[in-house]
file start-v5.txt (compact mmCIF, C-alpha atoms and all ligand atoms)
# COMPACT_ATOMS: atom_id res chain seq x y z
CA MET A 31 0.91 18.65 -18.93
CA ASN A 32 -1.52 15.90 -17.99
CA ALA A 33 -0.47 12.30 -17.40
CA THR A 34 -2.22 10.91 -20.47
CA MET A 35 -0.44 13.32 -22.77
CA SER A 36 2.97 12.38 -21.43
CA LEU A 37 2.13 8.68 -21.73
CA GLU A 38 1.37 9.09 -25.43
CA LYS A 39 4.61 10.93 -26.10
CA THR A 40 7.02 8.26 -24.95
CA LYS A 41 7.87 4.92 -26.50
CA HIS A 42 8.77 2.08 -24.19
CA TYR A 43 11.11 -0.60 -25.53
CA PRO A 44 10.82 -3.93 -23.72
CA VAL A 45 14.35 -4.61 -22.47
CA MET A 46 16.16 -7.81 -23.58
CA LEU A 47 12.96 -9.18 -25.08
CA ASN A 48 14.69 -11.58 -27.50
CA GLN A 49 16.79 -13.16 -24.74
CA ILE A 50 13.67 -13.52 -22.59
CA LEU A 51 11.71 -15.22 -25.36
CA SER A 52 14.51 -17.66 -26.04
CA ILE A 53 14.72 -18.55 -22.31
CA ILE A 54 10.97 -19.02 -21.72
CA SER A 55 10.10 -20.47 -25.20
CA PRO A 56 6.44 -19.41 -25.44
CA GLN A 57 6.10 -21.29 -28.74
CA HIS A 58 5.39 -24.39 -26.62
CA GLY A 59 2.41 -22.66 -24.98
CA GLY A 60 1.60 -22.53 -21.25
CA THR A 61 0.87 -19.92 -18.60
CA PHE A 62 3.29 -17.03 -18.03
CA VAL A 63 3.28 -14.47 -15.24
CA ASP A 64 4.43 -10.96 -16.14
CA CYS A 65 4.96 -9.36 -12.71
CA THR A 66 5.84 -5.92 -14.09
CA PHE A 67 3.38 -5.35 -16.94
CA GLY A 68 4.31 -1.68 -17.63
CA GLY A 69 3.48 -0.94 -21.27
CA GLY A 70 2.80 -4.64 -21.83
CA GLY A 71 5.81 -5.32 -24.09
CA TYR A 72 6.55 -8.81 -22.74
CA SER A 73 2.90 -9.82 -22.30
CA GLU A 74 2.04 -8.85 -25.85
CA ALA A 75 5.08 -10.66 -27.30
CA ILE A 76 4.15 -13.84 -25.38
CA LEU A 77 0.47 -13.65 -26.37
CA LYS A 78 1.49 -13.63 -30.05
CA PHE A 79 2.11 -17.36 -29.55
CA PRO A 80 -1.33 -18.97 -29.80
CA LYS A 81 -1.23 -21.54 -27.00
CA THR A 82 -0.11 -19.13 -24.28
CA LYS A 83 -1.91 -17.48 -21.38
CA VAL A 84 -0.58 -14.45 -19.50
CA ILE A 85 -1.32 -13.28 -15.98
CA ALA A 86 -0.02 -9.72 -15.67
CA ILE A 87 0.53 -7.62 -12.56
CA ASP A 88 1.41 -3.94 -12.11
CA ARG A 89 0.98 -1.67 -9.11
CA ASP A 90 0.46 1.40 -11.32
CA LYS A 91 -3.17 2.09 -12.20
CA LEU A 92 -2.11 3.97 -15.34
CA THR A 93 -1.02 0.65 -16.87
CA TYR A 94 -4.74 -0.23 -17.27
CA LYS A 95 -4.49 1.87 -20.40
CA TYR A 96 -2.24 -0.79 -21.96
CA ALA A 97 -3.82 -3.77 -20.21
CA ASP A 98 -7.26 -2.86 -21.62
CA VAL A 99 -5.91 -3.19 -25.15
CA LEU A 100 -4.72 -6.75 -24.48
CA LEU A 101 -7.88 -7.63 -22.52
CA LYS A 102 -9.92 -6.74 -25.62
CA LYS A 103 -7.59 -8.53 -28.01
CA PHE A 104 -7.08 -11.70 -25.94
CA PRO A 105 -10.11 -11.94 -23.59
CA ARG A 106 -9.59 -15.64 -22.84
CA ARG A 107 -5.82 -15.68 -22.60
CA PHE A 108 -4.99 -12.49 -20.72
CA ASN A 109 -5.67 -11.42 -17.15
CA PHE A 110 -4.53 -8.24 -15.40
CA PHE A 111 -4.25 -7.35 -11.70
CA GLN A 112 -3.42 -3.90 -10.38
CA GLU A 113 -1.45 -5.20 -7.42
CA LYS A 114 2.01 -5.28 -5.92
CA PHE A 115 4.00 -8.33 -6.98
CA SER A 116 4.83 -9.08 -3.35
CA ASN A 117 1.27 -10.48 -3.34
CA ILE A 118 2.03 -12.88 -6.18
CA SER A 119 1.22 -15.99 -4.18
CA LYS A 120 -2.28 -14.62 -3.46
CA ILE A 121 -2.85 -13.65 -7.12
CA VAL A 122 -1.53 -16.75 -8.88
CA GLN A 123 -2.85 -20.13 -7.80
CA GLU A 124 -0.14 -22.73 -7.26
CA ASN A 125 -1.95 -25.32 -9.38
CA LEU A 126 -1.56 -23.10 -12.47
CA LYS A 127 2.03 -24.32 -12.85
CA PRO A 128 3.37 -21.28 -14.74
CA ARG A 129 6.09 -22.00 -17.28
CA ALA A 130 7.81 -18.75 -16.30
CA ILE A 131 7.53 -15.82 -13.92
CA ILE A 132 9.17 -12.63 -15.15
CA PHE A 133 10.24 -9.48 -13.30
CA ASP A 134 11.49 -6.41 -15.22
CA LEU A 135 12.26 -4.11 -12.33
CA GLY A 136 12.19 -0.35 -11.90
CA LEU A 137 10.28 2.29 -13.78
CA SER A 138 8.85 2.22 -17.26
CA SER A 139 9.70 5.01 -19.70
CA TYR A 140 6.08 6.15 -19.31
CA GLN A 141 6.51 6.65 -15.58
CA LEU A 142 9.91 8.31 -15.95
CA SER A 143 8.68 10.85 -18.45
CA ASP A 144 5.40 11.53 -16.66
CA GLU A 145 6.07 14.97 -15.19
CA GLU A 146 3.30 14.52 -12.64
CA ARG A 147 5.09 11.64 -10.94
CA GLY A 148 8.14 13.74 -10.13
CA PHE A 149 10.69 11.02 -10.96
CA SER A 150 12.76 13.38 -13.12
CA PHE A 151 15.09 16.07 -11.79
CA GLU A 152 13.35 18.78 -13.81
CA SER A 153 9.78 18.08 -12.75
CA LYS A 154 8.13 21.15 -11.30
CA ASN A 155 5.06 19.20 -10.25
CA PHE A 156 4.31 17.76 -6.82
CA LEU A 157 7.19 15.69 -5.41
CA ASN A 158 5.48 12.33 -5.67
CA MET A 159 7.66 9.40 -6.89
CA GLU A 160 4.90 6.88 -6.20
CA MET A 161 4.59 3.89 -8.53
CA GLY A 162 1.15 3.06 -7.13
CA ILE A 163 -0.38 1.55 -3.94
CA ASN A 164 1.94 3.49 -1.62
CA LYS A 165 1.84 4.45 2.04
CA TYR A 166 3.57 7.81 1.54
CA SER A 167 5.07 10.05 -1.15
CA ALA A 168 8.54 11.53 -1.62
CA TYR A 169 7.05 14.81 -0.37
CA ASP A 170 6.27 13.18 2.99
CA VAL A 171 9.72 11.58 3.17
CA VAL A 172 11.82 14.67 2.47
CA ASN A 173 9.67 17.02 4.52
CA THR A 174 8.89 14.96 7.59
CA LEU A 175 11.38 12.12 8.05
CA ASP A 176 13.87 12.41 10.87
CA LYS A 177 17.16 13.88 9.62
CA GLU A 178 19.28 10.96 10.85
CA TYR A 179 16.97 8.45 9.23
CA LEU A 180 17.00 10.39 5.98
CA ALA A 181 20.81 10.30 5.99
CA ILE A 182 20.81 6.51 6.44
CA ILE A 183 18.31 6.01 3.65
CA ILE A 184 20.31 8.14 1.23
CA LYS A 185 23.53 6.37 2.21
CA ILE A 186 22.26 2.80 2.06
CA LEU A 187 19.51 2.85 -0.57
CA GLY A 188 21.33 5.35 -2.79
CA GLU A 189 24.84 4.07 -2.04
CA GLU A 190 25.59 7.79 -1.67
CA LYS A 191 28.66 8.50 0.47
CA ASP A 192 27.51 12.09 1.10
CA GLY A 193 24.21 10.96 2.67
CA ARG A 194 24.73 12.93 5.85
CA ILE A 195 25.75 16.18 4.11
CA ILE A 196 22.72 15.95 1.82
CA ALA A 197 20.32 15.15 4.68
CA ASN A 198 21.68 18.16 6.61
CA LYS A 199 21.15 20.43 3.64
CA ILE A 200 17.61 19.14 3.13
CA ASP A 201 16.87 19.64 6.82
CA LYS A 202 18.20 23.20 6.81
CA TYR A 203 16.10 24.08 3.78
CA ARG A 204 12.85 22.50 5.00
CA ARG A 205 13.02 24.38 8.30
CA LYS A 206 12.46 27.56 6.29
CA LYS A 207 10.37 26.29 3.40
CA THR A 208 8.53 23.09 2.44
CA ILE A 209 10.15 21.16 -0.43
CA LYS A 210 7.39 20.87 -2.99
CA THR A 211 8.91 19.74 -6.30
CA SER A 212 11.56 17.35 -7.60
CA HIS A 213 13.30 20.28 -9.25
CA GLU A 214 13.57 22.01 -5.86
CA LEU A 215 14.93 18.83 -4.25
CA ALA A 216 17.48 18.32 -7.08
CA SER A 217 18.73 21.91 -6.60
CA ILE A 218 19.19 21.40 -2.84
CA ILE A 219 21.21 18.22 -3.49
CA LYS A 220 23.31 19.97 -6.14
CA GLU A 221 24.13 22.66 -3.59
CA ALA A 222 25.19 19.96 -1.10
CA LYS A 223 27.46 18.33 -3.68
CA ARG A 224 29.11 21.49 -4.92
CA ASN A 225 32.36 19.82 -5.87
CA TYR A 226 30.64 17.23 -7.99
CA ASN A 227 32.35 16.75 -11.35
CA LYS A 228 29.99 18.33 -13.86
CA TYR A 229 30.72 15.75 -16.55
CA LYS A 230 29.42 12.89 -14.43
CA LYS A 231 25.74 11.96 -13.92
CA ASN A 232 23.38 14.45 -12.30
CA PRO A 233 24.54 14.89 -8.66
CA ALA A 234 21.04 14.08 -7.43
CA THR A 235 20.93 10.65 -9.14
CA LYS A 236 21.80 8.56 -6.09
CA THR A 237 19.59 10.48 -3.66
CA PHE A 238 16.63 10.28 -6.04
CA GLN A 239 17.23 6.54 -6.35
CA ALA A 240 17.25 6.20 -2.54
CA ILE A 241 14.06 8.17 -2.01
CA ARG A 242 12.27 6.38 -4.83
CA ILE A 243 13.27 2.97 -3.45
CA PHE A 244 12.11 3.96 0.03
CA VAL A 245 8.79 5.43 -1.13
CA ASN A 246 7.97 2.29 -3.10
CA GLN A 247 9.61 -0.18 -0.66
CA GLU A 248 11.27 -1.63 -3.72
CA LEU A 249 13.75 -3.97 -2.03
CA THR A 250 11.13 -5.49 0.27
CA GLU A 251 8.90 -5.90 -2.78
CA LEU A 252 11.70 -7.63 -4.67
CA MET A 253 12.68 -10.00 -1.85
CA THR A 254 9.06 -10.94 -1.10
CA GLY A 255 8.29 -11.27 -4.81
CA LEU A 256 11.21 -13.66 -5.40
CA ILE A 257 10.17 -15.84 -2.45
CA GLY A 258 6.56 -15.87 -3.70
CA ALA A 259 7.67 -16.84 -7.21
CA ALA A 260 9.82 -19.71 -5.87
CA LYS A 261 6.74 -20.95 -4.00
CA ILE A 262 4.46 -20.93 -7.04
CA LEU A 263 6.84 -22.32 -9.66
CA SER A 264 6.84 -26.08 -10.11
CA ASN A 265 9.36 -28.43 -11.67
CA GLY A 266 10.78 -26.88 -14.86
CA GLY A 267 9.22 -23.43 -14.27
CA ILE A 268 11.60 -20.55 -14.95
CA LEU A 269 12.24 -17.47 -12.83
CA VAL A 270 13.56 -14.55 -14.91
CA VAL A 271 14.59 -11.23 -13.39
CA ILE A 272 15.99 -8.10 -15.03
CA SER A 273 17.44 -5.46 -12.74
CA PHE A 274 18.96 -2.04 -13.32
CA HIS A 275 21.07 -1.23 -10.29
CA SER A 276 23.53 -2.98 -8.02
CA LEU A 277 21.33 -3.20 -4.89
CA GLU A 278 18.70 -5.14 -6.79
CA ASP A 279 21.19 -7.29 -8.64
CA ARG A 280 22.95 -8.23 -5.40
CA ILE A 281 19.65 -9.45 -3.94
CA ILE A 282 18.74 -11.48 -7.03
CA LYS A 283 22.23 -12.96 -7.35
CA ASN A 284 22.25 -13.99 -3.68
CA PHE A 285 18.78 -15.43 -3.87
CA LEU A 286 19.58 -17.56 -6.89
CA ASN A 287 23.00 -18.61 -5.58
CA LEU A 288 21.72 -19.55 -2.12
CA TYR A 289 18.88 -21.60 -3.58
CA SER A 290 20.67 -22.98 -6.62
CA ASN A 291 22.21 -26.30 -7.55
CA LEU A 292 25.61 -24.63 -7.60
CA LYS A 293 27.18 -24.11 -4.19
CA LYS A 294 29.50 -21.20 -3.64
CA ASN A 295 32.80 -22.09 -5.22
CA PRO A 296 35.58 -22.07 -2.59
CA SER A 297 38.22 -21.68 -5.28
CA ARG A 298 38.15 -21.44 -9.03
CA TYR A 299 40.29 -24.61 -9.21
CA VAL A 300 37.66 -26.69 -7.38
CA PRO A 301 34.73 -27.92 -9.50
CA LEU A 302 31.28 -26.60 -8.50
CA LYS A 303 29.33 -28.95 -6.20
CA GLU A 304 25.65 -29.89 -6.50
CA ASN A 305 23.43 -28.57 -3.70
CA ASN A 306 20.75 -31.05 -2.53
CA THR A 307 18.63 -28.46 -0.76
CA SER A 308 18.28 -26.28 -3.82
CA LEU A 309 15.20 -24.80 -5.44
CA PHE A 310 16.73 -23.70 -8.74
CA LYS A 311 19.05 -24.94 -11.43
CA LEU A 312 21.28 -22.14 -12.74
CA VAL A 313 22.69 -22.33 -16.24
CA SER A 314 25.26 -19.68 -15.38
CA LYS A 315 26.28 -17.66 -12.36
CA LYS A 316 26.90 -14.67 -14.64
CA PRO A 317 24.08 -12.36 -15.77
CA LEU A 318 23.10 -11.91 -19.40
CA LEU A 319 23.53 -8.37 -20.74
CA PRO A 320 21.86 -6.42 -23.56
CA ASP A 321 23.77 -6.41 -26.84
CA ILE A 322 25.25 -3.28 -28.37
CA ASN A 323 22.42 -2.88 -30.93
CA GLU A 324 19.81 -2.86 -28.20
CA ILE A 325 21.79 -0.31 -26.19
CA LYS A 326 22.03 1.91 -29.29
CA GLN A 327 18.27 1.74 -29.79
CA ASN A 328 17.32 2.07 -26.13
CA ILE A 329 19.89 3.68 -23.84
CA ARG A 330 17.86 2.67 -20.74
CA SER A 331 18.79 -0.98 -21.42
CA ARG A 332 22.52 -0.34 -20.89
CA SER A 333 22.48 -1.15 -17.17
CA GLY A 334 20.13 -4.15 -17.50
CA LYS A 335 21.23 -7.49 -16.04
CA LEU A 336 19.21 -10.61 -16.65
CA ARG A 337 19.45 -13.61 -14.31
CA TYR A 338 17.35 -16.73 -14.40
CA GLY A 339 16.93 -20.06 -12.70
CA ILE A 340 14.91 -23.19 -13.48
CA ARG A 341 12.81 -24.54 -10.60
CA ASN A 342 13.46 -28.14 -9.64
CA ASN A 343 11.29 -30.76 -7.99
CA ASN A 344 12.33 -30.05 -4.38
CA SER A 345 9.53 -28.84 -2.11
CA PHE A 346 9.50 -25.18 -1.27
CA PHE A 347 11.07 -24.25 2.05
CA TYR A 348 11.10 -20.81 3.55
CA PRO A 349 14.41 -19.16 2.64
CA ASN A 350 15.41 -17.92 6.10
CA GLU A 351 19.07 -17.72 5.13
CA PHE A 352 18.20 -15.24 2.40
CA LYS A 353 15.85 -13.20 4.58
CA ASN A 354 18.42 -12.97 7.35
CA LYS A 355 21.07 -11.81 4.92
CA PHE A 356 18.99 -8.84 3.81
CA ILE A 357 16.96 -8.18 6.95
CA LYS A 358 18.45 -4.68 7.14
CA TYR A 359 16.58 -3.69 3.97
CA PHE A 360 13.26 -5.01 5.30
CA LYS A 361 13.80 -3.02 8.49
CA LEU A 362 15.01 0.11 6.76
CA GLU A 363 12.07 0.24 4.35
CA ASP A 364 9.68 -0.49 7.19
CA GLY A 365 10.94 2.45 9.22
CA ILE A 366 12.88 0.43 11.83
CA VAL A 367 16.62 1.18 11.77
C1 LIG A 401 10.42 -1.49 -16.37
S1 LIG A 401 8.71 -1.43 -16.31
C2 LIG A 401 8.21 -2.89 -17.11
C3 LIG A 401 8.10 -2.74 -18.59
C4 LIG A 401 7.50 -3.95 -19.28
N1 LIG A 401 8.34 -5.12 -19.19
C5 LIG A 401 7.22 -3.64 -20.72
O1 LIG A 401 7.74 -4.34 -21.60
O2 LIG A 401 6.47 -2.71 -21.01
C6 LIG A 401 8.40 -1.82 -14.64
C7 LIG A 401 6.92 -1.83 -14.25
O3 LIG A 401 6.84 -2.57 -13.04
C8 LIG A 401 5.94 -1.96 -12.18
N2 LIG A 401 6.35 -2.33 -10.83
C9 LIG A 401 7.50 -2.00 -10.19
N3 LIG A 401 7.51 -2.52 -8.96
C10 LIG A 401 6.36 -3.22 -8.83
C11 LIG A 401 5.81 -4.00 -7.77
N4 LIG A 401 6.44 -4.14 -6.62
N5 LIG A 401 4.61 -4.59 -7.98
C12 LIG A 401 3.96 -4.45 -9.16
N6 LIG A 401 4.43 -3.72 -10.18
C13 LIG A 401 5.61 -3.11 -10.03
C14 LIG A 401 6.07 -0.48 -12.47
O4 LIG A 401 4.88 0.18 -12.10
C15 LIG A 401 6.33 -0.47 -13.97
O5 LIG A 401 5.15 -0.29 -14.68
call {"tool": "encode", "arguments": {"input": "start-v5.txt", "output": "structure tokens"}}
result
Amino acid sequence: MNATMSLEKTKHYPVMLNQILSIISPQHGGTFVDCTFGGGGYSEAILKFPKTKVIAIDRDKLTYKYADVLLKKFPRRFNFFQEKFSNISKIVQENLKPRAIIFDLGLSSYQLSDEERGFSFESKNFLNMEMGINKYSAYDVVNTLDKEYLAIIIKILGEEKDGRIIANKIDKYRRKKTIKTSHELASIIKEAKRNYNKYKKNPATKTFQAIRIFVNQELTELMTGLIGAAKILSNGGILVVISFHSLEDRIIKNFLNLYSNLKKNPSRYVPLKENNTSLFKLVSKKPLLPDINEIKQNIRSRSGKLRYGIRNNNSFFYPNEFKNKFIKYFKLEDGIV
């Protein structure tokens, strides 16, 4: 199957679109940055409001297919960059004063169902897992990475307790034969997790997550992207982030809490204090979740968590506290344990 065919087959539903629109209120016009363009669901919905402009970013070159449609339809109000969002502060000029910067993390349905990318357990194509603009593929990682390092990646980035057992099994296999496909990798992991309850998720889920995150340096991208967005946003600008797994959500939650008007609450009986060195005003410390109707229509939305903060007037300062807290992810994804 070629990539274009699989792209046509799948429908992508923009997750929590109604909540996003009510937070960013595009009816008032302004410039919006869509950091994860994908199939263009958010960008298109924003551009339906006449006084808006959208700057969209996606690292995947296949998203040009969708960007071209909007470039033709809205030549003066839409701009697209095939880039990583960690470069946001180079792409978006600070004086543009975006009303909102939006991140909808992870993979699009198009990428997931594209057999050639090797994101799915069944894919018998080349073990790739690249979103775009990568240094290496999953094939390189599982076939060449040091066994100990592989175990750490699976354990930390997949939150997989059997990281070591799985890495050993992979190592044993690759000494005899190169691991070429995702299907082959999923079978090796299944073998390593023989006692896995068959009614739970696929036993390779966590390891696939770990390898995908590592190949795409997803946590470094997220942390750098959030810092870049905080730099660009000006008073009243809104940062909106949707995440789909706990590692990402923990980073976003910490970022917003550390740089928010609400200090950590020492006890639930003590009222929350204002933080003078904040960058964001938070309406709530709790994430918004998709409603049951959305989950019924689009099962992928079920693990979505939306958090947002409104930028205040304080000047940007480099968030060292945040970087130090998560330095282990920067190091891990950079190859330094
Ligand atoms: C969940 S999809 C976004 C779907 C989009 N909101 C829509 O409505 O169609 C995530 C997209 O973000 C892109 N992406 C993920 N990480 C990225 C990064 N670090 N830089 C740029 N794009 C990224 C992926 O390539 C994918 O197309």
call {"tool": "closest_residue", "arguments": {"input": "start-v5.txt", "among": "A:Glu74, A:Glu160, A:Glu251, A:Asp64", "to": "A:Asp98", "atoms": "all atoms listed in the file"}}
result
A:Glu74
call {"tool": "closest_residue", "arguments": {"input": "start-v5.txt", "among": "A:Arg89, A:Arg341, A:Lys311, A:Arg330", "to": "A:Pro44", "atoms": "only C-alpha atoms"}}
result
A:Arg330
call {"tool": "residues_around", "arguments": {"input": "start-v5.txt", "residues": "A:Ile243", "least_positions_apart": "3", "cutoff": "10 Å", "atoms": "all atoms listed in the file", "output": "list of chain:residue names"}}
result
A:Gly136, A:Met159, A:Glu160, A:Ala168, A:Ile183, A:Ile184, A:Leu187, A:Gly188, A:Thr237, A:Phe238, A:Gln239, A:Ala240, A:Asn246, A:Gln247, A:Glu248, A:Leu249, A:Thr250, A:Glu251, A:Glu363
call {"tool": "write_last_selection", "arguments": {"input": "start-v5.txt", "atoms": "C-alpha atoms", "output": "JSON list (two decimals), in the frame of the given file"}}
result
[["chain", "number", "residue", "atom", "x", "y", "z"],
["A", 136, "GLY", "CA", 12.19, -0.35, -11.90],
["A", 159, "MET", "CA", 7.66, 9.40, -6.89],
["A", 160, "GLU", "CA", 4.90, 6.88, -6.20],
["A", 168, "ALA", "CA", 8.54, 11.53, -1.62],
["A", 183, "ILE", "CA", 18.31, 6.01, 3.65],
["A", 184, "ILE", "CA", 20.31, 8.14, 1.23],
["A", 187, "LEU", "CA", 19.51, 2.85, -0.57],
["A", 188, "GLY", "CA", 21.33, 5.35, -2.79],
["A", 237, "THR", "CA", 19.59, 10.48, -3.66],
["A", 238, "PHE", "CA", 16.63, 10.28, -6.04],
["A", 239, "GLN", "CA", 17.23, 6.54, -6.35],
["A", 240, "ALA", "CA", 17.25, 6.20, -2.54],
["A", 246, "ASN", "CA", 7.97, 2.29, -3.10],
["A", 247, "GLN", "CA", 9.61, -0.18, -0.66],
["A", 248, "GLU", "CA", 11.27, -1.63, -3.72],
["A", 249, "LEU", "CA", 13.75, -3.97, -2.03],
["A", 250, "THR", "CA", 11.13, -5.49, 0.27],
["A", 251, "GLU", "CA", 8.90, -5.90, -2.78],
["A", 363, "GLU", "CA", 12.07, 0.24, 4.35]]
call {"tool": "residues_near_ligand", "arguments": {"input": "start-v5.txt", "ligand": "ligand LIG 401 (chain A)", "cutoff": "7 Å", "atoms": "all atoms listed in the file", "output": "PyMOL selection string"}}
result
chain A and resi 42-45+65-72+87-90+93+113-116+134-138+161-162+248+251-252
call {"tool": "atom_distance", "arguments": {"input": "start-v5.txt", "atom1": "atom CA of A:Ile54", "atom2": "atom CA of A:Arg280"}}
result
22.9 Å
call {"tool": "residues_around", "arguments": {"input": "start-v5.txt", "residues": "A:Gly365", "least_positions_apart": "6", "cutoff": "10 Å", "atoms": "all atoms listed in the file", "output": "list in words"}}
result
Leu175, Tyr179, Ile183, Phe244 and Tyr359 of chain A
call {"tool": "atom_distance", "arguments": {"input": "start-v5.txt", "atom1": "atom CA of A:Ile85", "atom2": "atom CA of A:Phe62"}}
result
6.3 Å
call {"tool": "residues_around", "arguments": {"input": "start-v5.txt", "residues": "A:Lys223", "least_positions_apart": "4", "cutoff": "9 Å", "atoms": "all atoms listed in the file", "output": "list in words"}}
result
Asp192, Ile195, Ile196, Ile218, Ile219, Pro233 and Ala234 of chain A
call {"tool": "residues_near_point", "arguments": {"input": "start-v5.txt", "point": "(6.1, -14.0, -3.6)", "cutoff": "8 Å", "atoms": "all atoms listed in the file", "output": "list in words"}}
result
Phe115, Ser116, Asn117, Ile118, Ser119, Met253, Thr254, Gly255, Leu256, Ile257, Gly258, Ala259, Ala260, Lys261 and Ile262 of chain A
call {"tool": "residues_around", "arguments": {"input": "start-v5.txt", "residues": "A:Arg129", "least_positions_apart": "3", "cutoff": "12 Å", "atoms": "only C-alpha atoms", "output": "ChimeraX atom specification"}}
result
/A:51,53-64,76,82-85,124-126,132,259,262-270,339-341
call {"tool": "atom_distance", "arguments": {"input": "start-v5.txt", "atom1": "atom CA of A:Gly334", "atom2": "atom CA of A:Ala181"}}
result
27.6 Å
